[in-house]
Amino acid sequence: MDLGLKDRVAIVTGSARGIGAETARMLASEGMAIVVSDIDGDGAVAAAKAIADNGGKAIGVRCDVRREEDVRAMAGAGRDAFGRIDVLVNNAGLVKDRSLLKMDETDWDLVLDVTLKGAFHCCRAVLPAMHERKWGRIINITSRALFGNPGQANYSSAKAGLVGFTRALSLEQARNGITVNAIAPGFIETEYIQSLPNYAHVRDNALAKNAVPFGGEPRDIASAVAFLASAHARYITGTTLFVTGGRYG
Ligand SMILES: NC(=O)c1ccc[n+]([C@@H]2O[C@H](COP(=O)([O-])OP(=O)(O)OC[C@H]3O[C@@H](n4cnc5c(N)ncnc54)[C@H](O)[C@@H]3O)[C@@H](O)[C@H]2O)c1
């Protein structure tokens, strides 16, 4: 199936590594030009170079999604390099896990700001031009943790909030040719997860709760992003696609 993505342009936030980097790589392999954007500027440039070395089109841009001026400059760099932005993947995210009584306000604000304020700034930076062209795709990476995980009151709140944001924006933009959807990954094996001191426990626990007898990989999320970004997904908006190996809750 031709996804019809060739020559379109995507921003993927938080794409220096992990799910974002694989999403950037897969979208580039479909012929898209990619703005690889991350607070880790060196990582973003390296991930973009890896795409270019494989014959794809990409630029790497340092951007803290919490800062409106960073986001506007990053989107501007994408437009200068590739002429327009068709697809935005709000993927940047992080965890700062603690039980609520041990969680300080800084960790609460950080997780909510990267997830929610980041999506707010990024969407506002790309929507006017999408609106003018009457075509756009926004894909927000939430998490199965939106149902609530102990030690993750900040992360679960942020990811549940991102679903509300997705639904509200999808209704605002549905008549402008712009779809807005979310993807909720379950356990996905990334370098970050593999580096956790309790990696074996995290993995075993996830595999015990998955319906399928294996864990997810970044390409499982990247494929879902590619489909939702494609012309074939034109009738899908406001939804949350669970890519969790059959685990809900
Ligand atoms: N890996 C999983 O099992 C899993 C499960 C559910 C949801 N998710 C979500 O998927 C997304 C990607 O996760 P991952 O596992 O690849 O994590 P990761 O830590 O490997 O990648 C996240 C990237 O976001 C970047 N980032 C952090 N703060 C930022 C900021 N302020 N501005 C810009 N970039 C910033 C980091 O530098 C990093 O490169 C996240 O939103 C995460 O919450 C992951």
# chains A, B, ... in the order shown; residues from 1 in each chain; ligands from 1
$ closest_atom_pairs --of "chain A" --to "ligand 1" --cutoff "6 Å" --atoms "only C-alpha atoms and all ligand atoms" --output "CSV"
residue,atom,partner,partner_atom_place_in_ligand_line,distance
A:Thr13,CA,ligand 1,34 (N),5.9
A:Gly14,CA,ligand 1,24 (O),3.5
A:Ser15,CA,ligand 1,39 (O),5.5
A:Ala16,CA,ligand 1,39 (O),4.6
A:Arg17,CA,ligand 1,39 (O),4.8
A:Gly18,CA,ligand 1,16 (O),3.5
A:Ile19,CA,ligand 1,16 (O),3.8
A:Gly20,CA,ligand 1,16 (O),5.6
A:Asp38,CA,ligand 1,34 (N),4.0
A:Ile39,CA,ligand 1,33 (C),4.1
A:Asp40,CA,ligand 1,37 (O),5.1
A:Cys63,CA,ligand 1,33 (C),5.5
A:Asp64,CA,ligand 1,32 (N),3.6
A:Val65,CA,ligand 1,32 (N),4.1
A:Arg66,CA,ligand 1,31 (N),5.5
A:Asn91,CA,ligand 1,41 (O),4.6
A:Ala92,CA,ligand 1,24 (O),3.8
A:Gly93,CA,ligand 1,41 (O),3.6
A:Leu94,CA,ligand 1,43 (O),5.4
A:Val114,CA,ligand 1,31 (N),4.9
A:Ile141,CA,ligand 1,41 (O),5.3
A:Thr142,CA,ligand 1,7 (C),5.7
A:Ser143,CA,ligand 1,7 (C),4.0
A:Pro185,CA,ligand 1,6 (C),4.3
A:Gly186,CA,ligand 1,5 (C),4.9
A:Phe187,CA,ligand 1,3 (O),3.9
A:Ile188,CA,ligand 1,3 (O),3.6
A:Glu189,CA,ligand 1,1 (N),5.9
A:Thr190,CA,ligand 1,15 (O),5.6
A:Tyr192,CA,ligand 1,20 (O),5.1
$ write_last_selection --atoms "C-alpha atoms" --output "short mmCIF file (atom, residue, chain, number, x, y, z; two decimals), in the first residue's frame"
data_model
loop_
_atom_site.label_atom_id
_atom_site.label_comp_id
_atom_site.auth_asym_id
_atom_site.auth_seq_id
_atom_site.Cartn_x
_atom_site.Cartn_y
_atom_site.Cartn_z
CA THR A 13 9.67 16.03 18.55
CA GLY A 14 11.93 14.09 20.92
CA SER A 15 13.38 12.18 17.98
CA ALA A 16 17.07 12.03 18.90
CA ARG A 17 16.51 8.48 20.12
CA GLY A 18 13.93 5.82 20.96
CA ILE A 19 10.44 5.79 19.48
CA GLY A 20 10.88 9.27 17.98
CA ASP A 38 15.01 17.26 20.45
CA ILE A 39 16.21 19.06 23.56
CA ASP A 40 19.35 17.00 22.94
CA CYS A 63 14.32 22.47 20.61
CA ASP A 64 12.92 22.40 24.13
CA VAL A 65 9.20 21.98 23.47
CA ARG A 66 8.40 23.82 26.70
CA ASN A 91 6.49 12.54 20.80
CA ALA A 92 8.77 14.32 23.32
CA GLY A 93 8.12 12.99 26.79
CA LEU A 94 9.76 11.84 29.97
CA VAL A 114 6.92 18.71 28.33
CA ILE A 141 2.10 10.11 21.62
CA THR A 142 0.32 9.38 24.87
CA SER A 143 0.66 6.15 26.90
CA PRO A 185 2.02 2.76 23.39
CA GLY A 186 2.26 -0.03 25.90
CA PHE A 187 5.63 -1.47 26.86
CA ILE A 188 8.10 -0.62 24.08
CA GLU A 189 11.71 -1.79 24.31
CA THR A 190 13.90 1.28 23.94
CA TYR A 192 16.19 4.06 27.75
#
$ select_by_dssp --residues "range 134-200 of chain A" --states "alpha helix (DSSP H)" --output "list in words"
Ala153, Asn154, Tyr155, Ser156, Ser157, Ala158, Lys159, Ala160, Gly161, Leu162, Val163, Gly164, Phe165, Thr166, Arg167, Ala168, Leu169, Ser170, Leu171, Glu172, Gln173, Glu191, Tyr192, Ile193, Gln194, Ser195, Tyr199 and Ala200 of chain A
$ write_last_selection --atoms "N, CA, C and O atoms" --output "tab-separated table (two decimals), in the first residue's frame"
chain	number	residue	atom	x	y	z
A	153	ALA	N	1.73	9.68	39.05
A	153	ALA	CA	0.58	10.61	39.04
A	153	ALA	C	0.83	11.74	38.04
A	153	ALA	O	-0.10	12.18	37.35
A	154	ASN	N	2.07	12.22	37.96
A	154	ASN	CA	2.38	13.29	37.00
A	154	ASN	C	2.26	12.77	35.56
A	154	ASN	O	1.59	13.38	34.71
A	155	TYR	N	2.89	11.65	35.27
A	155	TYR	CA	2.92	11.10	33.91
A	155	TYR	C	1.51	10.66	33.47
A	155	TYR	O	1.07	10.95	32.35
A	156	SER	N	0.79	9.97	34.36
A	156	SER	CA	-0.57	9.51	34.01
A	156	SER	C	-1.48	10.70	33.76
A	156	SER	O	-2.30	10.69	32.82
A	157	SER	N	-1.35	11.74	34.58
A	157	SER	CA	-2.18	12.95	34.38
A	157	SER	C	-1.85	13.61	33.06
A	157	SER	O	-2.75	14.02	32.30
A	158	ALA	N	-0.56	13.73	32.77
A	158	ALA	CA	-0.15	14.38	31.52
A	158	ALA	C	-0.65	13.59	30.32
A	158	ALA	O	-1.18	14.17	29.35
A	159	LYS	N	-0.50	12.27	30.36
A	159	LYS	CA	-0.88	11.47	29.18
A	159	LYS	C	-2.40	11.38	29.02
A	159	LYS	O	-2.90	11.33	27.90
A	160	ALA	N	-3.14	11.36	30.15
A	160	ALA	CA	-4.61	11.43	30.05
A	160	ALA	C	-5.02	12.80	29.52
A	160	ALA	O	-5.93	12.92	28.68
A	161	GLY	N	-4.34	13.85	29.99
A	161	GLY	CA	-4.63	15.19	29.50
A	161	GLY	C	-4.40	15.31	28.01
A	161	GLY	O	-5.15	16.00	27.29
A	162	LEU	N	-3.39	14.64	27.51
A	162	LEU	CA	-3.07	14.71	26.08
A	162	LEU	C	-4.20	14.10	25.24
A	162	LEU	O	-4.43	14.52	24.09
A	163	VAL	N	-4.92	13.14	25.81
A	163	VAL	CA	-6.07	12.57	25.09
A	163	VAL	C	-7.20	13.60	25.00
A	163	VAL	O	-7.83	13.78	23.95
A	164	GLY	N	-7.45	14.33	26.09
A	164	GLY	CA	-8.46	15.39	26.06
A	164	GLY	C	-8.07	16.47	25.06
A	164	GLY	O	-8.92	16.97	24.29
A	165	PHE	N	-6.79	16.82	25.07
A	165	PHE	CA	-6.27	17.82	24.13
A	165	PHE	C	-6.51	17.34	22.69
A	165	PHE	O	-6.96	18.10	21.83
A	166	THR	N	-6.22	16.07	22.45
A	166	THR	CA	-6.38	15.49	21.11
A	166	THR	C	-7.83	15.59	20.64
A	166	THR	O	-8.12	15.98	19.51
A	167	ARG	N	-8.74	15.25	21.53
A	167	ARG	CA	-10.16	15.25	21.14
A	167	ARG	C	-10.65	16.67	20.88
A	167	ARG	O	-11.35	16.94	19.91
A	168	ALA	N	-10.26	17.59	21.77
A	168	ALA	CA	-10.70	18.99	21.59
A	168	ALA	C	-10.17	19.55	20.28
A	168	ALA	O	-10.93	20.14	19.48
A	169	LEU	N	-8.88	19.34	20.02
A	169	LEU	CA	-8.29	19.92	18.81
A	169	LEU	C	-8.85	19.24	17.54
A	169	LEU	O	-9.02	19.89	16.50
A	170	SER	N	-9.14	17.94	17.66
A	170	SER	CA	-9.68	17.24	16.48
A	170	SER	C	-11.02	17.86	16.07
A	170	SER	O	-11.31	18.02	14.88
A	171	LEU	N	-11.82	18.24	17.07
A	171	LEU	CA	-13.12	18.84	16.76
A	171	LEU	C	-12.95	20.24	16.19
A	171	LEU	O	-13.67	20.65	15.28
A	172	GLU	N	-11.97	20.98	16.72
A	172	GLU	CA	-11.72	22.32	16.19
A	172	GLU	C	-11.26	22.28	14.73
A	172	GLU	O	-11.56	23.18	13.95
A	173	GLN	N	-10.50	21.25	14.36
A	173	GLN	CA	-9.81	21.26	13.07
A	173	GLN	C	-10.43	20.34	12.02
A	173	GLN	O	-9.94	20.29	10.88
A	191	GLU	N	16.21	1.90	24.20
A	191	GLU	CA	17.50	1.92	24.93
A	191	GLU	C	17.29	2.46	26.33
A	191	GLU	O	17.92	2.00	27.28
A	192	TYR	N	16.41	3.46	26.44
A	192	TYR	CA	16.19	4.06	27.75
A	192	TYR	C	15.63	3.01	28.73
A	192	TYR	O	16.12	2.86	29.84
A	193	ILE	N	14.63	2.28	28.29
A	193	ILE	CA	14.02	1.26	29.18
A	193	ILE	C	15.06	0.19	29.51
A	193	ILE	O	15.16	-0.26	30.66
A	194	GLN	N	15.85	-0.19	28.51
A	194	GLN	CA	16.86	-1.22	28.76
A	194	GLN	C	17.94	-0.75	29.73
A	194	GLN	O	18.61	-1.56	30.35
A	195	SER	N	18.08	0.58	29.85
A	195	SER	CA	19.13	1.11	30.76
A	195	SER	C	18.63	1.26	32.20
A	195	SER	O	19.42	1.59	33.09
A	199	TYR	N	15.30	-2.89	34.90
A	199	TYR	CA	14.81	-3.26	33.57
A	199	TYR	C	14.17	-4.65	33.53
A	199	TYR	O	13.08	-4.82	32.98
A	200	ALA	N	14.83	-5.63	34.15
A	200	ALA	CA	14.32	-7.01	34.07
A	200	ALA	C	12.93	-7.09	34.69
A	200	ALA	O	12.01	-7.73	34.13
$ select_by_dssp --residues "range 1-248 of chain A" --states "strand (DSSP E)" --output "ChimeraX atom specification"
/A:9-13,33-38,57-62,87-90,136-141,178-185,240-243
$ atom_distance --atom1 "CA of Ala10 in chain A" --atom2 "CA of Lys57 in chain A"
10.6 Å
$ closest_residue --among "A:Ala233, A:Leu228, A:Val243, A:Ala77" --to "Gly216 in chain A" --atoms "only C-alpha atoms"
A:Val243
$ atom_distance --atom1 "CA of His121 in chain A" --atom2 "CA of Ile138 in chain A"
12.7 Å
$ closest_residue --among "A:Thr237, A:Ser29, A:Ser37, A:Thr23" --to "Ala174 in chain A" --atoms "only C-alpha atoms"
A:Thr237
$ closest_residue --among "A:Asn54, A:Val71, A:Asp7, A:Ala184" --to "Lys117 in chain A" --atoms "only C-alpha atoms"
A:Val71
$ atom_distance --atom1 "CA of Pro150 in chain A" --atom2 "CA of Lys96 in chain A"
12.1 Å
$ closest_residue --among "A:Lys102, A:Arg67, A:Arg72, A:Arg234" --to "Leu127 in chain A" --atoms "only C-alpha atoms"
A:Arg72
$ residues_around --residues "Gly246 in chain A" --least-positions-apart "3" --cutoff "12 Å" --atoms "only C-alpha atoms" --output "number ranges by chain"
A: 144, 184-187, 206-216, 241-243, 249
$ residues_around --residues "Ala222 in chain A" --least-positions-apart "3" --cutoff "10 Å" --atoms "only C-alpha atoms" --output "list in words"
Ile19, Gly20, Ala21, Glu22, Thr23, Ala24, Arg25, Met26, Leu27, Glu217, Pro218, Arg219, Val225, Ala226, Phe227 and Leu228 of chain A
$ residues_around --residues "Gln152 in chain A" --least-positions-apart "5" --cutoff "10 Å" --atoms "only C-alpha atoms" --output "list in words"
Val95, Lys96, Asp97, Arg98, Ser99, Leu100, Met103, Trp108, Val111, Ala145, Leu146, Ser157 and Ala158 of chain A
$ write_last_selection --atoms "N, CA and C atoms" --output "PDB file, in the first residue's frame"
ATOM      1  N   VAL A  95       9.655  10.639  32.046  1.00  0.00           N
ATOM      2  CA  VAL A  95       9.058  10.249  33.329  1.00  0.00           C
ATOM      3  C   VAL A  95       9.911  10.788  34.473  1.00  0.00           C
ATOM      4  N   LYS A  96       9.252  11.103  35.558  1.00  0.00           N
ATOM      5  CA  LYS A  96       9.907  11.462  36.828  1.00  0.00           C
ATOM      6  C   LYS A  96       9.077  10.779  37.910  1.00  0.00           C
ATOM      7  N   ASP A  97       9.311   9.480  38.095  1.00  0.00           N
ATOM      8  CA  ASP A  97       8.419   8.662  38.917  1.00  0.00           C
ATOM      9  C   ASP A  97       8.715   8.786  40.413  1.00  0.00           C
ATOM     10  N   ARG A  98       7.680   8.989  41.187  1.00  0.00           N
ATOM     11  CA  ARG A  98       7.719   8.947  42.650  1.00  0.00           C
ATOM     12  C   ARG A  98       6.285   8.848  43.142  1.00  0.00           C
ATOM     13  N   SER A  99       6.103   8.249  44.312  1.00  0.00           N
ATOM     14  CA  SER A  99       4.761   8.285  44.894  1.00  0.00           C
ATOM     15  C   SER A  99       4.423   9.756  45.185  1.00  0.00           C
ATOM     16  N   LEU A 100       3.148  10.054  45.223  1.00  0.00           N
ATOM     17  CA  LEU A 100       2.729  11.465  45.230  1.00  0.00           C
ATOM     18  C   LEU A 100       3.332  12.255  46.395  1.00  0.00           C
ATOM     19  N   MET A 103       6.777  13.218  45.552  1.00  0.00           N
ATOM     20  CA  MET A 103       6.964  13.942  44.276  1.00  0.00           C
ATOM     21  C   MET A 103       7.036  15.441  44.558  1.00  0.00           C
ATOM     22  N   TRP A 108       6.509  17.436  38.994  1.00  0.00           N
ATOM     23  CA  TRP A 108       5.126  17.549  38.501  1.00  0.00           C
ATOM     24  C   TRP A 108       5.101  18.485  37.294  1.00  0.00           C
ATOM     25  N   VAL A 111       7.005  17.179  33.929  1.00  0.00           N
ATOM     26  CA  VAL A 111       6.329  16.151  33.118  1.00  0.00           C
ATOM     27  C   VAL A 111       5.093  16.736  32.437  1.00  0.00           C
ATOM     28  N   ALA A 145      -0.288   4.329  30.240  1.00  0.00           N
ATOM     29  CA  ALA A 145      -0.262   4.815  31.622  1.00  0.00           C
ATOM     30  C   ALA A 145      -1.343   5.853  31.900  1.00  0.00           C
ATOM     31  N   LEU A 146      -2.046   6.301  30.844  1.00  0.00           N
ATOM     32  CA  LEU A 146      -3.139   7.252  31.074  1.00  0.00           C
ATOM     33  C   LEU A 146      -4.211   6.645  31.976  1.00  0.00           C
ATOM     34  N   SER A 157      -1.350  11.739  34.582  1.00  0.00           N
ATOM     35  CA  SER A 157      -2.181  12.948  34.385  1.00  0.00           C
ATOM     36  C   SER A 157      -1.855  13.609  33.055  1.00  0.00           C
ATOM     37  N   ALA A 158      -0.564  13.729  32.769  1.00  0.00           N
ATOM     38  CA  ALA A 158      -0.148  14.376  31.522  1.00  0.00           C
ATOM     39  C   ALA A 158      -0.648  13.590  30.315  1.00  0.00           C
TER      40      ALA A 158
END
$ closest_residue --among "A:Gly238, A:Ala125, A:Arg247, A:Asp53" --to "Asp70 in chain A" --atoms "only C-alpha atoms"
A:Ala125
$ closest_residue --among "A:Lys49, A:Ile139, A:Arg203, A:His131" --to "Ala119 in chain A" --atoms "only C-alpha atoms"
A:Ile139
